[in-house]
Amino acid sequence: MEHIVIIGNGISGVTAARHIRKLSDKKITIISSETEHFFSRTALMYIYMGHMKFENTKPYEDWFWKKNRIELKKALVEKIDAENKQLLLQDGSSFSYDKLILATGSKPNKFGWPGQDLDGVMGMYHKQDLESLEKYAPNNKVCKRAVIVGGGLIGIELAEMLHSRNIPVTFLVREASFWNGVLPEQESEMINKEILENHIDLRLGVNLKEIKADKNSKVKSIVIAETGEEIACNVVGLTAGVSPNINFVKESSIETNRGILVNRFLETSEKDIYAIGDCAEQHEAIGQRRPIEAVWYTGRMMGETVAQTICGNRIEYKPGHWFNSAKFVDIEYQTYGWVWAKPRENEARFFWKDTTGKKAIHLNYDKETQEFIGINTFGIRLRHEFFDNVLTEKKSVTHVLEHFKDANFDPEFFKQHEEAIVSQFNKENGTNLQVKKKSWKRIFSKA
Amino acid sequence: MNTMKVIKNIGLVISLIGFAIFTSSMFTGTNKVSEETFNTWASQKVKSEVFIEKAKQEIVGKELSAAQLSSKIVDIAKQSNEYHKSQKEIAWDKIIWIKWNKTYKDFVYPLVRASATGWVVKNQGLFFFLTFGLAILGGLLFFGADYKLLGPAGIKNNGIFQHSATNRGVLGMIAFVYFVSFYMLLYFFPNYLINPILSVNPIKQALNGNASDQWFLYGFMYCSVMTVFAIRMFIKYRHNNYQIVRTAVVLFFQIAFAFLIPEILVAFNKPWFDFKNAWPLNYTFFFDWNINSLIENGNLGIFMLVWGIILTLVIVPVMVYFYGKRWYCSWVCGCGGLAETLGDPYRQLSSKSLFSWKVERWLIHGVLVFATVMTALTLYTYFAEMETWKELAFGLSVYDVQSSYGFLIGSIFSGVIGTGFYPILGNRVWCRFGCPLAAYMGLVQRFKSRFRITTNGGQCISCGNCSTYCEQGIDVRSYAQKGENIVRSSCVGCGVCSAVCPRGVLKLENGPEDGRINPTQVLLGNDVDLIKLMNEK
């Protein structure tokens with residue numbers, strides 16, 4: 001029986017294992033050194049905040065793996081011997097495979113800051129990071145202030161976590177406005193406000209110079225490069241992005257760049273070795289996507305795809321239209337299609353914000369053809385299927401606005417804003433669009 | 001910020017004082033049975049002259065505590081029984097039936113209630129303020145302070161699993177013991193609840209001129225608790241209109257339909273009737289005494305009888321078809337109302353395991369079968385004009401079946417376990433594992449309904465907030481992460497899974513049946529050819 005070995009028990013590796021099991025009777029082993037069972041990394045924050053227990057973050061009960069004959073091995077892989085199809089483990093033993101899937105995920109970036117390895121400095125990615133945070137920042141008596149370095153999605157989550165335990169937070173963001181490499185100005189400004197409203201000390205346009213230690217080599221303070229200001233703190237969170245977790249792969253014969261290089265079939269340069277999820281890097285980016293995509297659902301989709309190839313149905317990884325979501329403290333965010341931080345040559349934009357300043361939508365469409373390109377939505381939930389259809393069928397922005405009630409995914413009794421949105425669009429563009437009533441027929445007709 | 005914390009703590013202290021007075025009042029007060037009270041009671045309850053004679057010596061005119069009086073009554077009953085049993089010819093009608101779950105509430109309680117004396121009896125209004133008044137006032141301050149303390153509107157579940165009260169810690173256990181004890185006393189030993197019952201006497205008097213009993217205490221308490229905790233819900237979910245509307249409606253149905261209307265009906269000499277309580281949750285609806293009482297009450301009684309039947313046979317299934325069983329379970333039902341208010345802090349404690357789901361299905365459908373069989377037998381004897389206490393088969397009478405249902409399901413399961421176990425098993429213990437009406441509606445919801453929780457394409461990140469906060473123990477995530485809609489018989493449509501989802505993945509909807517159940521292998525967002533290939537298999 002062919003033995004499939006998967007390194008990494010995150011969403012990519014586990015999805016691959018599940019789908020291989022659905023499609024075949026192969027022997028499957030998942031190796032991980034992080035935890036015994038698969039858990040949802042995205043929920044780590046909720047454990048610290050007390051919304052959940054670790055048990056609640058496991059998507060499958062512990063009996064699931066045995067029942068589905070997926071073997072779990074807690075071990076750290078140190079070397080891959082592609083020629084002999086062998087893995088060398090940290091305990092010195094070796095482990096053989098017939099096909100190998102690398103799904104090792106990411107690790108937090110560290111940019112060589114002085115003091116970056118002190119006690120009390122951590123990322124927020126692995127379960128071990130959570131344990132470390134619990135140790136150094138259990139409450140605001142032990143941790144009088146925390147400094148977070150890096151303004152991305154994990155940074156704001158970490159700020160929210162610490163804030164939930166009333167720990168004062170200083171949030172250092174390199175950019176002039178939060179996440180403005182991804183979000184257009186208006187949205188970025190909105191999130192700045194949300195951060196400040198939660199009493200998080202947001203510092204924009206600043207960089208970390210160094211982290212200073214006390215005599216026990218524990219964090220004492222940080223220094224800001226631009227101003228030289230020293231801020232006393234007990235914990236430093238490094239959240240300046242992530243990069244593929246592939247140190248041990250680099251020493252093997254497998255071709256790597258920032259990530260493990262793969263072709264469209266998720267195959268690496270070595271036969272019978274595949275890479276999926278955060279650690280995989282496409283030779284050439286797919287569409288407008290980045291060559292490395294550290295996103296939950298792309299990891300899952302690569303797992304779904306590679307399982308086909310391994311089970312004899314060799315297919316390309318062809319993700320559909322871009323979408324994503326996040327939550328910035330209390331503001332939910334979804335995006336479908338592309339809305340760049342800065343409009344491109346051919347693009348026109350439409351931005352609408354409600355009076356509370358906590359809800360907004362931003363439409364991106366082609367100036368000439370009016371074709372819908374993408375939407376950002378804040379505080380209003382929208383239907384994925386609706387926008388997937390719109391993008392596939394290259395519908396116009398006016399089509400989207402007229403059918404905006406079909407797209408709404410907010411819970412019942414929520415205030416509806418379609419009329420206000422469309423009337424503002426009409427005003428700005430001299431059009432006379434009318435919102436159509438919600439139609440189940442249209443929602444369900446996929447073509 | 002700090003002033004709000006102080007207000008919160010003051011509220012807590014005031015509320016606890018109210019509860020302390022309420023609880024300790026059980027152990028205070030004296031009873032003095034007058035000749036007249038005794039004779040009235042004895043003429044209804046006792047046939048044994050031995051009992052009456054002895055009781056007159058030992059009880060009448062004496063100052064006794066409720067506990068002393070209760071145990072004296074039972075002691076004398078035992079002695080009297082012994083005497084009668086020692087006679088050559090036993091006078092069975094003079095034997096006083098002694099059983100722990102019947103004797104105290106049916107035999108002892110009425111005399112203790114009628115003979116209460118002391119400070120509380122004379123100061124009922126003040127006593128009401130010192131118990132209910134303080135508890136409610138304190139509760140409102142305690143939860144009201146959250147408006148500021150919780151921070152800006154949004155999902156604020158911080159610290160729930162780190163707090164002893166909401167994570168089966170010591171405080172949770174104390175609440176558990178308190179709830180269970182209260183239900184045990186309420187159902188089986190109301191003779192120890194005399195002063196608490198007296199605290200609501202002025203309200204009962206004002207409503208229909210009668211004296212309050214344990215059921216009125218329960219009803220009033222139920223409404224008060226729901227009101228205070230509904231305000232907590234309004235504050236906690238002030239950003240979520242579904243939660244606000246739902247909570248307001250369920251509170252309205254409790255206060256108007258389960259509490260005020262029945263009391264007012266009684267004031268006009270009409271039968272006590274809860275118009276929203278549908279069979280088989282309302283398991284006594286087809287009992288002979290209920291049918292007879294309705295028939296004897298003219299047009300209104302007949303209307304009630306017909307309404308009850310239409311409610312179960314037509315309104316319930318039709319409404320479940322259009323809106324799912326949520327229209328009842330979390331918008332109308334009293335049990336659901338308490339679960340969604342008082343029980344909300346415990347929702348995360350329900351078990352999500354596959355094992356629990358199996359237990360749930362056996363239990364809840366078992367109760368439905370039990371209720372149906374009992375009702376069928378009841379109706380059989382009713383139309384056959386048989387006495388319910390006559391043996392039907394296997395040495396059992398219909399009365400035996402009814403009273404074991406009443407004891408096991410009506411009291412122990414729905415009350416003691418159903419509510420008492422909130423702090424351990426989550427807030428929908430009864431609704432999930434026991435309620436026969438929920439089982440009935442669940443079957444309709446699963447197989448013939450427009451209701452579902454729609455999963456939003458491929459947006460799920462498997463975080464598990466939805467499953468964690470599902471009071472019914474549904475592993476919502478297991479569907480959402482597959483891109484599948486949630487169509488489950490047990491879903492009561494509380495909407496909290498949708499509220500706590502950080503990515504906007506879940507929406508409660510009533511839509512066409514077509515495509516309601518949508519098993520998927522590969523989620524939206526992946527290659528269209530792969531989706532086609534996998535999902536067509």
# chains A, B, ... in the order shown; residues from 1 in each chain; ligands from 1
>>> interface_residues(of="chain A", to="chain B", cutoff="8 Å", atoms="only C-alpha atoms", output="PyMOL selection string")
chain A and resi 40-43+49-53+56-61+164+198+296-297+301+304-305+317-327+330+332-334+381-385+388+409-414+440+444
>>> write_last_selection(atoms="C-alpha atoms", output="tab-separated table (two decimals), in the first residue's frame")
chain	number	residue	atom	x	y	z
A	40	SER	CA	-7.82	25.92	14.08
A	41	ARG	CA	-4.97	28.40	14.17
A	42	THR	CA	-7.37	31.22	13.45
A	43	ALA	CA	-9.00	30.59	16.82
A	49	MET	CA	-9.64	36.05	25.21
A	50	GLY	CA	-11.63	33.38	27.01
A	51	HIS	CA	-14.18	32.88	24.23
A	52	MET	CA	-13.09	29.28	23.77
A	53	LYS	CA	-11.04	26.48	25.22
A	56	ASN	CA	-13.23	24.03	21.06
A	57	THR	CA	-10.68	24.90	18.40
A	58	LYS	CA	-10.37	21.31	17.17
A	59	PRO	CA	-12.58	20.87	14.12
A	60	TYR	CA	-12.62	17.10	14.50
A	61	GLU	CA	-13.06	15.02	17.62
A	164	SER	CA	-9.45	42.08	26.26
A	198	ASN	CA	-10.53	50.71	21.74
A	296	TRP	CA	-6.69	29.88	5.33
A	297	TYR	CA	-8.86	28.97	2.40
A	301	MET	CA	-8.07	24.50	-1.67
A	304	GLU	CA	-8.41	19.58	-2.00
A	305	THR	CA	-6.48	19.78	-5.27
A	317	TYR	CA	-4.38	24.19	-8.89
A	318	LYS	CA	-6.71	26.79	-10.33
A	319	PRO	CA	-8.22	28.95	-7.62
A	320	GLY	CA	-11.34	30.86	-8.58
A	321	HIS	CA	-12.08	34.50	-7.95
A	322	TRP	CA	-10.24	36.15	-5.09
A	323	PHE	CA	-12.11	36.65	-1.85
A	324	ASN	CA	-11.13	37.07	1.78
A	325	SER	CA	-12.40	38.25	5.14
A	326	ALA	CA	-11.16	39.47	8.49
A	327	LYS	CA	-12.41	41.20	11.59
A	330	ASP	CA	-15.68	44.91	16.09
A	332	GLU	CA	-16.18	42.72	10.03
A	333	TYR	CA	-14.55	42.90	6.64
A	334	GLN	CA	-15.16	40.89	3.50
A	381	ARG	CA	-22.11	40.90	5.25
A	382	LEU	CA	-22.36	39.96	1.58
A	383	ARG	CA	-23.09	36.73	-0.22
A	384	HIS	CA	-20.04	34.96	-1.64
A	385	GLU	CA	-22.02	33.11	-4.28
A	388	ASP	CA	-18.61	34.75	-7.58
A	409	PHE	CA	-26.07	38.44	3.93
A	410	ASP	CA	-26.72	40.34	7.17
A	411	PRO	CA	-28.93	38.65	9.77
A	412	GLU	CA	-32.67	39.28	9.63
A	413	PHE	CA	-33.96	42.60	11.05
A	414	PHE	CA	-30.66	44.34	10.41
A	440	TRP	CA	-34.78	33.87	-4.14
A	444	PHE	CA	-30.55	30.23	-6.42
>>> residues_around(residues="range 19-25 of chain A", least_positions_apart="2", cutoff="8 Å", atoms="only C-alpha atoms", output="ChimeraX atom specification")
/A:15-17,27-28,68,70,303-304,307-308,310-311
>>> write_last_selection(atoms="N, CA and C atoms", output="JSON list (two decimals), in the first residue's frame")
[["chain", "number", "residue", "atom", "x", "y", "z"],
["A", 15, "THR", "N", -6.59, 18.83, 5.18],
["A", 15, "THR", "CA", -7.53, 18.74, 4.06],
["A", 15, "THR", "C", -7.03, 17.73, 3.04],
["A", 16, "ALA", "N", -5.73, 17.78, 2.76],
["A", 16, "ALA", "CA", -5.17, 16.80, 1.82],
["A", 16, "ALA", "C", -5.41, 15.39, 2.32],
["A", 17, "ALA", "N", -5.13, 15.15, 3.60],
["A", 17, "ALA", "CA", -5.30, 13.81, 4.17],
["A", 17, "ALA", "C", -6.76, 13.36, 4.06],
["A", 27, "LYS", "N", -2.20, 4.41, 2.68],
["A", 27, "LYS", "CA", -1.78, 4.65, 4.06],
["A", 27, "LYS", "C", -1.41, 6.13, 4.20],
["A", 28, "ILE", "N", -1.93, 6.77, 5.24],
["A", 28, "ILE", "CA", -1.69, 8.21, 5.41],
["A", 28, "ILE", "C", -1.11, 8.48, 6.80],
["A", 68, "ASN", "N", -10.79, 7.23, 10.54],
["A", 68, "ASN", "CA", -10.48, 7.45, 9.12],
["A", 68, "ASN", "C", -9.09, 6.96, 8.73],
["A", 70, "ILE", "N", -6.14, 7.75, 9.61],
["A", 70, "ILE", "CA", -5.10, 8.75, 9.37],
["A", 70, "ILE", "C", -4.19, 8.71, 10.59],
["A", 303, "GLY", "N", -5.05, 21.71, -0.62],
["A", 303, "GLY", "CA", -5.23, 20.36, -0.07],
["A", 303, "GLY", "C", -6.26, 19.57, -0.87],
["A", 304, "GLU", "N", -7.37, 20.24, -1.20],
["A", 304, "GLU", "CA", -8.41, 19.58, -2.00],
["A", 304, "GLU", "C", -7.84, 19.16, -3.36],
["A", 307, "ALA", "N", -4.85, 16.31, -3.40],
["A", 307, "ALA", "CA", -5.37, 14.96, -3.13],
["A", 307, "ALA", "C", -5.79, 14.29, -4.43],
["A", 308, "GLN", "N", -6.35, 15.09, -5.35],
["A", 308, "GLN", "CA", -6.75, 14.54, -6.65],
["A", 308, "GLN", "C", -5.53, 14.02, -7.41],
["A", 310, "ILE", "N", -2.62, 13.14, -6.29],
["A", 310, "ILE", "CA", -2.01, 11.98, -5.64],
["A", 310, "ILE", "C", -2.83, 10.72, -5.86],
["A", 311, "CYS", "N", -4.13, 10.90, -6.00],
["A", 311, "CYS", "CA", -4.98, 9.74, -6.21],
["A", 311, "CYS", "C", -5.22, 9.46, -7.70]]
>>> residues_around(residues="Gly241 in chain A", least_positions_apart="2", cutoff="8 Å", atoms="only C-alpha atoms", output="list in words")
Pro108, Asn109, Gly150, Gly152, Ile154, Thr239 and Ser243 of chain A
>>> residues_around(residues="Ser350 in chain B", least_positions_apart="2", cutoff="12 Å", atoms="only C-alpha atoms", output="short mmCIF file (atom, residue, chain, number, x, y, z; two decimals) with C-alpha atoms, in the first residue's frame")
data_model
loop_
_atom_site.label_atom_id
_atom_site.label_comp_id
_atom_site.auth_asym_id
_atom_site.auth_seq_id
_atom_site.Cartn_x
_atom_site.Cartn_y
_atom_site.Cartn_z
CA ASN A 56 -13.23 24.03 21.06
CA THR B 166 -19.56 30.17 33.34
CA ASN B 167 -16.96 27.41 33.11
CA ARG B 168 -18.23 24.88 35.64
CA GLY B 343 -29.47 30.52 30.39
CA ASP B 344 -27.54 32.63 27.91
CA PRO B 345 -24.39 32.85 30.06
CA TYR B 346 -24.22 29.03 30.02
CA ARG B 347 -24.77 28.32 26.32
CA GLN B 348 -21.11 27.41 25.69
CA LYS B 352 -20.84 19.12 20.85
CA SER B 353 -19.70 15.52 20.67
CA SER B 356 -24.17 13.60 22.84
CA TRP B 357 -25.99 13.87 19.55
CA GLU B 360 -30.07 13.41 22.30
CA PHE B 421 -28.38 21.73 35.09
CA TYR B 422 -27.86 24.96 33.10
CA PRO B 423 -24.50 25.60 34.79
CA ILE B 424 -23.25 22.13 33.87
CA LEU B 425 -24.83 20.97 30.62
CA GLY B 426 -25.69 24.30 29.02
CA ASN B 427 -28.95 26.20 28.80
CA ARG B 428 -31.05 24.01 26.57
CA VAL B 429 -30.89 20.72 28.43
CA TRP B 430 -34.64 20.23 28.37
CA CYS B 431 -35.15 21.64 24.88
CA ARG B 432 -32.37 19.54 23.44
CA PHE B 433 -32.80 16.23 25.22
CA SER B 467 -20.10 25.43 17.54
CA THR B 468 -18.85 26.71 20.89
CA TYR B 469 -21.82 29.03 21.33
CA CYS B 470 -24.48 26.69 19.95
CA GLU B 471 -26.71 26.01 22.93
CA GLN B 472 -28.18 22.96 21.21
CA GLY B 473 -24.78 21.33 20.87
CA ILE B 474 -24.84 21.36 17.07
CA ASP B 475 -21.36 21.21 15.61
#
>>> residues_around(residues="range 119-123 of chain A", least_positions_apart="2", cutoff="9 Å", atoms="only C-alpha atoms", output="VMD selection string")
chain A and resid 107 to 109 115 to 117 125 to 126 129 to 130 132 to 133 135 to 137 154 211 213 216 to 219 234 to 240
>>> residues_around(residues="Trp119 in chain B", least_positions_apart="6", cutoff="10 Å", atoms="only C-alpha atoms", output="PyMOL selection string")
chain B and resi 28-30+127+195
>>> atom_distance(atom1="CA of Ile47 in chain A", atom2="CA of Met4 in chain B")
26.6 Å
>>> residues_around(residues="Gly406 in chain B", least_positions_apart="4", cutoff="12 Å", atoms="only C-alpha atoms", output="list in words")
Asn101, Lys102, Tyr187, Leu281, Asn282, Tyr283, Thr284, Phe287, Val367, Phe370, Ala371, Met374, Tyr399, Asp400, Val401, Gln402, Gly410, Ser411, Ile412, Phe413, Ser414 and Gly415 of chain B
>>> write_last_selection(atoms="N, CA and C atoms", output="short mmCIF file (atom, residue, chain, number, x, y, z; two decimals), in the first residue's frame")
data_model
loop_
_atom_site.label_atom_id
_atom_site.label_comp_id
_atom_site.auth_asym_id
_atom_site.auth_seq_id
_atom_site.Cartn_x
_atom_site.Cartn_y
_atom_site.Cartn_z
N ASN B 101 -42.71 12.38 47.02
CA ASN B 101 -42.96 13.37 45.97
C ASN B 101 -44.42 13.80 45.87
N LYS B 102 -45.27 13.28 46.76
CA LYS B 102 -46.69 13.67 46.70
C LYS B 102 -47.16 14.26 48.03
N TYR B 187 -41.26 21.77 43.39
CA TYR B 187 -42.10 20.69 42.88
C TYR B 187 -42.59 19.74 43.97
N LEU B 281 -45.86 19.55 24.62
CA LEU B 281 -45.18 20.18 25.74
C LEU B 281 -46.19 20.33 26.87
N ASN B 282 -47.38 20.77 26.52
CA ASN B 282 -48.49 20.89 27.47
C ASN B 282 -49.15 19.52 27.56
N TYR B 283 -48.52 18.62 28.32
CA TYR B 283 -48.93 17.21 28.24
C TYR B 283 -50.25 16.93 28.94
N THR B 284 -50.74 17.87 29.78
CA THR B 284 -52.01 17.61 30.46
C THR B 284 -53.21 18.09 29.65
N PHE B 287 -55.82 15.52 29.25
CA PHE B 287 -56.24 14.79 30.45
C PHE B 287 -57.72 15.04 30.69
N VAL B 367 -39.03 10.55 24.57
CA VAL B 367 -40.03 11.33 25.31
C VAL B 367 -41.24 11.60 24.43
N PHE B 370 -43.27 8.52 24.42
CA PHE B 370 -43.89 8.40 25.75
C PHE B 370 -45.12 9.32 25.83
N ALA B 371 -44.95 10.59 25.46
CA ALA B 371 -46.04 11.55 25.54
C ALA B 371 -47.20 11.14 24.64
N MET B 374 -48.96 8.03 26.11
CA MET B 374 -49.73 8.42 27.28
C MET B 374 -51.02 9.13 26.87
N TYR B 399 -53.84 6.35 34.93
CA TYR B 399 -53.38 7.30 35.94
C TYR B 399 -51.90 7.06 36.28
N ASP B 400 -51.54 5.78 36.38
CA ASP B 400 -50.12 5.47 36.68
C ASP B 400 -49.21 6.02 35.59
N VAL B 401 -49.62 5.82 34.34
CA VAL B 401 -48.81 6.32 33.22
C VAL B 401 -48.70 7.84 33.28
N GLN B 402 -49.85 8.46 33.53
CA GLN B 402 -49.85 9.93 33.60
C GLN B 402 -48.98 10.43 34.73
N GLY B 410 -42.36 15.72 33.43
CA GLY B 410 -42.88 17.04 33.76
C GLY B 410 -42.10 17.74 34.86
N SER B 411 -41.72 16.99 35.91
CA SER B 411 -41.02 17.65 37.02
C SER B 411 -39.51 17.46 36.94
N ILE B 412 -39.07 16.20 36.95
CA ILE B 412 -37.64 15.95 37.08
C ILE B 412 -36.89 16.41 35.83
N PHE B 413 -37.35 15.98 34.65
CA PHE B 413 -36.59 16.27 33.42
C PHE B 413 -36.71 17.75 33.05
N SER B 414 -37.93 18.25 32.93
CA SER B 414 -38.06 19.62 32.42
C SER B 414 -37.66 20.65 33.47
N GLY B 415 -37.89 20.36 34.73
CA GLY B 415 -37.59 21.35 35.76
C GLY B 415 -36.24 21.16 36.40
#
>>> decode(residues="range 6-30 of chain A", atoms="N, CA and C atoms", output="PDB file, in the first residue's frame")
ATOM      1  N   ILE A   6       2.469  13.334   5.224  1.00  0.00           N
ATOM      2  CA  ILE A   6       2.189  14.774   5.164  1.00  0.00           C
ATOM      3  C   ILE A   6       2.907  15.432   6.337  1.00  0.00           C
ATOM      4  N   ILE A   7       3.739  16.412   6.051  1.00  0.00           N
ATOM      5  CA  ILE A   7       4.384  17.140   7.140  1.00  0.00           C
ATOM      6  C   ILE A   7       3.594  18.417   7.401  1.00  0.00           C
ATOM      7  N   GLY A   8       3.022  18.487   8.595  1.00  0.00           N
ATOM      8  CA  GLY A   8       2.211  19.654   8.957  1.00  0.00           C
ATOM      9  C   GLY A   8       0.760  19.261   9.146  1.00  0.00           C
ATOM     10  N   ASN A   9       0.208  19.539  10.317  1.00  0.00           N
ATOM     11  CA  ASN A   9      -1.200  19.192  10.542  1.00  0.00           C
ATOM     12  C   ASN A   9      -2.070  20.444  10.620  1.00  0.00           C
ATOM     13  N   GLY A  10      -1.787  21.400   9.764  1.00  0.00           N
ATOM     14  CA  GLY A  10      -2.661  22.569   9.657  1.00  0.00           C
ATOM     15  C   GLY A  10      -3.775  22.295   8.667  1.00  0.00           C
ATOM     16  N   ILE A  11      -4.450  23.345   8.254  1.00  0.00           N
ATOM     17  CA  ILE A  11      -5.611  23.176   7.378  1.00  0.00           C
ATOM     18  C   ILE A  11      -5.227  22.535   6.040  1.00  0.00           C
ATOM     19  N   SER A  12      -4.052  22.879   5.488  1.00  0.00           N
ATOM     20  CA  SER A  12      -3.678  22.323   4.181  1.00  0.00           C
ATOM     21  C   SER A  12      -3.421  20.825   4.279  1.00  0.00           C
ATOM     22  N   GLY A  13      -2.552  20.446   5.212  1.00  0.00           N
ATOM     23  CA  GLY A  13      -2.190  19.038   5.357  1.00  0.00           C
ATOM     24  C   GLY A  13      -3.384  18.175   5.705  1.00  0.00           C
ATOM     25  N   VAL A  14      -4.199  18.673   6.619  1.00  0.00           N
ATOM     26  CA  VAL A  14      -5.347  17.887   7.060  1.00  0.00           C
ATOM     27  C   VAL A  14      -6.379  17.762   5.941  1.00  0.00           C
ATOM     28  N   THR A  15      -6.591  18.825   5.184  1.00  0.00           N
ATOM     29  CA  THR A  15      -7.534  18.738   4.060  1.00  0.00           C
ATOM     30  C   THR A  15      -7.027  17.727   3.037  1.00  0.00           C
ATOM     31  N   ALA A  16      -5.734  17.776   2.756  1.00  0.00           N
ATOM     32  CA  ALA A  16      -5.171  16.801   1.816  1.00  0.00           C
ATOM     33  C   ALA A  16      -5.415  15.386   2.323  1.00  0.00           C
ATOM     34  N   ALA A  17      -5.126  15.148   3.600  1.00  0.00           N
ATOM     35  CA  ALA A  17      -5.302  13.809   4.172  1.00  0.00           C
ATOM     36  C   ALA A  17      -6.761  13.362   4.064  1.00  0.00           C
ATOM     37  N   ARG A  18      -7.678  14.242   4.403  1.00  0.00           N
ATOM     38  CA  ARG A  18      -9.103  13.883   4.373  1.00  0.00           C
ATOM     39  C   ARG A  18      -9.541  13.518   2.964  1.00  0.00           C
ATOM     40  N   HIS A  19      -9.077  14.308   1.999  1.00  0.00           N
ATOM     41  CA  HIS A  19      -9.509  14.045   0.628  1.00  0.00           C
ATOM     42  C   HIS A  19      -8.836  12.801   0.058  1.00  0.00           C
ATOM     43  N   ILE A  20      -7.590  12.549   0.425  1.00  0.00           N
ATOM     44  CA  ILE A  20      -6.944  11.311  -0.032  1.00  0.00           C
ATOM     45  C   ILE A  20      -7.701  10.113   0.539  1.00  0.00           C
ATOM     46  N   ARG A  21      -8.130  10.236   1.781  1.00  0.00           N
ATOM     47  CA  ARG A  21      -8.891   9.146   2.374  1.00  0.00           C
ATOM     48  C   ARG A  21     -10.216   8.955   1.662  1.00  0.00           C
ATOM     49  N   LYS A  22     -10.867  10.037   1.290  1.00  0.00           N
ATOM     50  CA  LYS A  22     -12.139   9.933   0.569  1.00  0.00           C
ATOM     51  C   LYS A  22     -11.960   9.225  -0.759  1.00  0.00           C
ATOM     52  N   LEU A  23     -10.804   9.494  -1.395  1.00  0.00           N
ATOM     53  CA  LEU A  23     -10.604   9.010  -2.757  1.00  0.00           C
ATOM     54  C   LEU A  23      -9.885   7.677  -2.822  1.00  0.00           C
ATOM     55  N   SER A  24      -9.252   7.240  -1.733  1.00  0.00           N
ATOM     56  CA  SER A  24      -8.405   6.059  -1.849  1.00  0.00           C
ATOM     57  C   SER A  24      -8.274   5.338  -0.518  1.00  0.00           C
ATOM     58  N   ASP A  25      -7.511   4.260  -0.578  1.00  0.00           N
ATOM     59  CA  ASP A  25      -7.290   3.435   0.602  1.00  0.00           C
ATOM     60  C   ASP A  25      -5.831   3.500   1.048  1.00  0.00           C
ATOM     61  N   LYS A  26      -5.125   4.512   0.549  1.00  0.00           N
ATOM     62  CA  LYS A  26      -3.684   4.610   0.816  1.00  0.00           C
ATOM     63  C   LYS A  26      -3.417   4.779   2.303  1.00  0.00           C
ATOM     64  N   LYS A  27      -2.196   4.413   2.679  1.00  0.00           N
ATOM     65  CA  LYS A  27      -1.779   4.653   4.061  1.00  0.00           C
ATOM     66  C   LYS A  27      -1.407   6.129   4.203  1.00  0.00           C
ATOM     67  N   ILE A  28      -1.927   6.769   5.244  1.00  0.00           N
ATOM     68  CA  ILE A  28      -1.694   8.207   5.413  1.00  0.00           C
ATOM     69  C   ILE A  28      -1.107   8.480   6.799  1.00  0.00           C
ATOM     70  N   THR A  29      -0.012   9.217   6.824  1.00  0.00           N
ATOM     71  CA  THR A  29       0.551   9.655   8.103  1.00  0.00           C
ATOM     72  C   THR A  29       0.731  11.172   8.077  1.00  0.00           C
ATOM     73  N   ILE A  30       0.287  11.834   9.155  1.00  0.00           N
ATOM     74  CA  ILE A  30       0.536  13.268   9.295  1.00  0.00           C
ATOM     75  C   ILE A  30       1.556  13.465  10.413  1.00  0.00           C
TER      76      ILE A  30
END
